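A short worksheet on the structure shown next.
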Amino acid sequence: MGRHTSFLGRMIGRRTQKKRPAPPPLPDHVQAIYQKAANGHLLEQVLWGKILLNSVFVPSDPAQAFSWFSIAAQTGYGPALNMLGRCYHFGWGVEENLPEAADYYAKAAAAGDEWGRYNLAILHMRGLGMARNLAKAFQLFQIGAHNGHAKSMNIMARFYEEGWVVKKNQTTAFEWYRRSAEKGDYRGCHNYATILAERGQLPEALDWWQQALPDATSDILLAMQHTLSTFDHPRAHLLLLEIKERLQTIQNTETKKYDE
């Protein structure tokens with residue numbers, strides 16, 4: 001009589017046939033995530049997949065991560081569908097396929113996942129895997145913004161600032177940048193700070209640039225650096241030093257990654 005293997009077992013077993021060295025013991029909180037994932041908890045299956053993508057706790061295994069996202073996505077769980085979209089978008093554990101990414105993002109959005117909606121809007125805005133459609137992108141960002149998604153707020157503000165498919169409205173742009181900043185999006189913080197500085201409210205602007213600093217990526221750090229270099233203010237000088245240190249840290253991390 002043939003041995004029956006569960007779907008979960010098949011998905012995991014495909015990547016564990018080769019004998020590998022035993023991984024180091026996991027910290028208790030990471031072990032707890034794995035145990036819940038193995039017991040069928042959807043959130044932890046997605047979290048464990050993300051750990052497998054990029055973590056100091058276990059070796060990176062994008063194919064295994066894809067398997068865990070697939071397990072959770074079987075139930076129509078929005079965050080898992082979004083992560084499958086991300087895998088197809090960037091080629092994590094599977095061949096890059098932008099139309100497939102768009103399909104999974106759309107399924108995630110339909111399930112109420114705001115990250116899936118945001119990622120689908122990005123594809124429409126940039127014309128990735130589909131014809132460029134700014135009107136559709138704006139519609140998706142608008143829904144996400146009104147649902148409280150900080151990054152959607154920031155990009156919708158940009159539409160109003162630039163007049164992309166909507167009438168240019170600086171007041172509305174400023175208001176949505178403020179909301180995005182208050183929700184913690186570093187791009188929203190930078191954009192809100194920039195407008196505050198243009199309005200002569202430099203001390204308040206400096207507060208928001210300071211808030212953007214810990215999470216800002218290189219492109220925003222460079223934009224902050226460019227703008228702050230125009231101000232002769234003690235706090236601006238200190239921020240410039242911190243930005244320089246952050247950029248150096250990011251560069252060192254990237255160099256180490258490619259050296260490994």
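Residue names in the structure tokens use chain letters A, B, ... in the order shown, residue numbers from 1 in each chain, and ligand numbers from 1 in the order shown.
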
(request) Using only C-alpha atoms, determine which residues lie at most 8 Å from Tyr105 in chain A, disregarding the query and same-chain residues fewer than 3 positions distant; provide the list as an MDAnalysis selection string. (result) chainID A and resid 81:82 85 101:102 108:109 116:117 119:120

Selection: 9 Å around range 50-62 of chain A, only C-alpha atoms, excl. self and same-chain fewer than 4 positions, as an mmCIF file with all heavy atoms, in the first residue's frame:
data_model
loop_
_atom_site.group_PDB
_atom_site.id
_atom_site.type_symbol
_atom_site.label_atom_id
_atom_site.label_comp_id
_atom_site.auth_asym_id
_atom_site.auth_seq_id
_atom_site.Cartn_x
_atom_site.Cartn_y
_atom_site.Cartn_z
ATOM 1 N N PRO A 23 21.021 23.049 10.885
ATOM 2 C CA PRO A 23 21.153 24.483 11.129
ATOM 3 C C PRO A 23 21.373 24.758 12.611
ATOM 4 O O PRO A 23 21.056 23.920 13.455
ATOM 5 C CB PRO A 23 19.792 25.037 10.664
ATOM 6 C CG PRO A 23 18.851 23.901 10.854
ATOM 7 C CD PRO A 23 19.645 22.664 10.559
ATOM 8 N N PRO A 24 21.916 25.912 12.942
ATOM 9 C CA PRO A 24 22.086 26.255 14.352
ATOM 10 C C PRO A 24 20.729 26.379 15.020
ATOM 11 O O PRO A 24 19.712 26.623 14.350
ATOM 12 C CB PRO A 24 22.809 27.611 14.294
ATOM 13 C CG PRO A 24 22.485 28.170 12.954
ATOM 14 C CD PRO A 24 22.360 26.986 12.046
ATOM 15 N N PRO A 25 20.667 26.196 16.332
ATOM 16 C CA PRO A 25 19.377 26.337 17.027
ATOM 17 C C PRO A 25 18.770 27.711 16.785
ATOM 18 O O PRO A 25 19.480 28.716 16.746
ATOM 19 C CB PRO A 25 19.767 26.153 18.509
ATOM 20 C CG PRO A 25 21.075 25.435 18.483
ATOM 21 C CD PRO A 25 21.770 25.877 17.238
ATOM 22 N N LEU A 26 17.458 27.744 16.604
ATOM 23 C CA LEU A 26 16.781 29.003 16.353
ATOM 24 C C LEU A 26 16.445 29.689 17.674
ATOM 25 O O LEU A 26 16.145 29.027 18.668
ATOM 26 C CB LEU A 26 15.485 28.752 15.581
ATOM 27 C CG LEU A 26 15.622 28.180 14.171
ATOM 28 C CD1 LEU A 26 14.241 27.824 13.617
ATOM 29 C CD2 LEU A 26 16.320 29.164 13.245
ATOM 30 N N PRO A 27 16.471 31.017 17.688
ATOM 31 C CA PRO A 27 15.973 31.731 18.872
ATOM 32 C C PRO A 27 14.530 31.330 19.144
ATOM 33 O O PRO A 27 13.798 30.947 18.221
ATOM 34 C CB PRO A 27 16.079 33.209 18.465
ATOM 35 C CG PRO A 27 17.084 33.231 17.360
ATOM 36 C CD PRO A 27 16.947 31.923 16.637
ATOM 37 N N VAL A 30 11.775 32.761 16.919
ATOM 38 C CA VAL A 30 11.800 32.268 15.537
ATOM 39 C C VAL A 30 11.314 30.820 15.492
ATOM 40 O O VAL A 30 10.563 30.430 14.585
ATOM 41 C CB VAL A 30 13.217 32.395 14.946
ATOM 42 C CG1 VAL A 30 13.255 31.852 13.519
ATOM 43 C CG2 VAL A 30 13.672 33.840 14.971
ATOM 44 N N GLN A 45 3.073 31.027 8.457
ATOM 45 C CA GLN A 45 3.611 30.439 7.228
ATOM 46 C C GLN A 45 4.212 31.528 6.341
ATOM 47 O O GLN A 45 5.278 31.343 5.744
ATOM 48 C CB GLN A 45 2.506 29.681 6.487
ATOM 49 C CG GLN A 45 2.144 28.368 7.168
ATOM 50 C CD GLN A 45 0.963 27.667 6.533
ATOM 51 O OE1 GLN A 45 0.236 28.255 5.728
ATOM 52 N NE2 GLN A 45 0.743 26.410 6.900
ATOM 53 N N VAL A 46 3.545 32.678 6.287
ATOM 54 C CA VAL A 46 4.092 33.797 5.519
ATOM 55 C C VAL A 46 5.338 34.355 6.200
ATOM 56 O O VAL A 46 6.350 34.629 5.543
ATOM 57 C CB VAL A 46 3.024 34.905 5.338
ATOM 58 C CG1 VAL A 46 3.636 36.150 4.708
ATOM 59 C CG2 VAL A 46 1.875 34.390 4.472
ATOM 60 N N PHE A 66 9.120 30.146 -1.326
ATOM 61 C CA PHE A 66 8.026 30.090 -2.299
ATOM 62 C C PHE A 66 7.051 28.970 -1.941
ATOM 63 O O PHE A 66 5.827 29.138 -2.057
ATOM 64 C CB PHE A 66 8.600 29.889 -3.701
ATOM 65 C CG PHE A 66 7.556 29.849 -4.786
ATOM 66 C CD1 PHE A 66 7.088 31.016 -5.362
ATOM 67 C CD2 PHE A 66 7.039 28.639 -5.230
ATOM 68 C CE1 PHE A 66 6.115 30.989 -6.363
ATOM 69 C CE2 PHE A 66 6.066 28.603 -6.224
ATOM 70 C CZ PHE A 66 5.613 29.780 -6.795
ATOM 71 N N SER A 67 7.578 27.838 -1.492
ATOM 72 C CA SER A 67 6.718 26.716 -1.111
ATOM 73 C C SER A 67 5.808 27.076 0.054
ATOM 74 O O SER A 67 4.617 26.752 0.066
ATOM 75 C CB SER A 67 7.575 25.498 -0.743
ATOM 76 O OG SER A 67 8.293 25.017 -1.855
ATOM 77 N N PHE A 69 4.844 30.122 0.992
ATOM 78 C CA PHE A 69 3.839 31.088 0.532
ATOM 79 C C PHE A 69 2.723 30.365 -0.235
ATOM 80 O O PHE A 69 1.547 30.715 -0.107
ATOM 81 C CB PHE A 69 4.476 32.150 -0.364
ATOM 82 C CG PHE A 69 5.534 32.982 0.295
ATOM 83 C CD1 PHE A 69 6.671 33.372 -0.403
ATOM 84 C CD2 PHE A 69 5.411 33.377 1.618
ATOM 85 C CE1 PHE A 69 7.654 34.144 0.187
ATOM 86 C CE2 PHE A 69 6.399 34.160 2.233
ATOM 87 C CZ PHE A 69 7.523 34.531 1.509
ATOM 88 N N MET A 83 2.855 37.785 -1.448
ATOM 89 C CA MET A 83 4.245 37.322 -1.456
ATOM 90 C C MET A 83 4.532 36.425 -2.663
ATOM 91 O O MET A 83 5.651 36.437 -3.188
ATOM 92 C CB MET A 83 4.574 36.596 -0.148
ATOM 93 C CG MET A 83 4.703 37.515 1.055
ATOM 94 S SD MET A 83 5.817 38.939 0.801
ATOM 95 C CE MET A 83 7.378 38.102 0.417
ATOM 96 N N CYS A 87 7.437 37.080 -5.372
ATOM 97 C CA CYS A 87 8.365 36.058 -5.873
ATOM 98 C C CYS A 87 8.428 36.084 -7.398
ATOM 99 O O CYS A 87 9.519 36.046 -7.991
ATOM 100 C CB CYS A 87 7.943 34.678 -5.378
ATOM 101 S SG CYS A 87 8.246 34.383 -3.614
ATOM 102 N N GLY A 91 11.732 37.189 -9.104
ATOM 103 C CA GLY A 91 12.438 35.943 -9.374
ATOM 104 C C GLY A 91 12.974 35.275 -8.124
ATOM 105 O O GLY A 91 14.052 34.692 -8.147
ATOM 106 N N TRP A 92 12.220 35.326 -7.045
ATOM 107 C CA TRP A 92 12.632 34.687 -5.791
ATOM 108 C C TRP A 92 12.117 33.249 -5.763
ATOM 109 O O TRP A 92 10.940 33.004 -5.573
ATOM 110 C CB TRP A 92 12.075 35.427 -4.588
ATOM 111 C CG TRP A 92 12.543 36.843 -4.439
ATOM 112 C CD1 TRP A 92 13.675 37.402 -4.962
ATOM 113 C CD2 TRP A 92 11.894 37.894 -3.703
ATOM 114 N NE1 TRP A 92 13.775 38.723 -4.608
ATOM 115 C CE2 TRP A 92 12.701 39.058 -3.832
ATOM 116 C CE3 TRP A 92 10.719 37.966 -2.956
ATOM 117 C CZ2 TRP A 92 12.351 40.268 -3.236
ATOM 118 C CZ3 TRP A 92 10.375 39.157 -2.366
ATOM 119 C CH2 TRP A 92 11.180 40.301 -2.490
ATOM 120 N N GLY A 93 12.981 32.295 -5.993
ATOM 121 C CA GLY A 93 12.600 30.891 -5.927
ATOM 122 C C GLY A 93 11.807 30.404 -7.117
ATOM 123 O O GLY A 93 11.342 29.261 -7.139
ATOM 124 N N VAL A 94 11.640 31.255 -8.124
ATOM 125 C CA VAL A 94 10.855 30.921 -9.313
ATOM 126 C C VAL A 94 11.310 31.857 -10.422
ATOM 127 O O VAL A 94 11.908 32.907 -10.150
ATOM 128 C CB VAL A 94 9.343 31.094 -9.000
ATOM 129 C CG1 VAL A 94 8.985 32.553 -8.787
ATOM 130 C CG2 VAL A 94 8.464 30.462 -10.069
#

(request) List every residue of range 75-157 of chain A that DSSP, applied to the backbone of this structure, assigns to alpha helix (DSSP H), and report them as number ranges by chain. (result) A: 78-90, 98-110, 114-126, 134-146, 150-157

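Atom pair CA of Gln31 in chain A / CA of Asp113 in chain A: separated by 26.2 Å.
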
(message) Please report the interatomic distance between CA of Leu47 in chain A and CA of Tyr34 in chain A in Å with one decimal.
(response) 8.6 Å
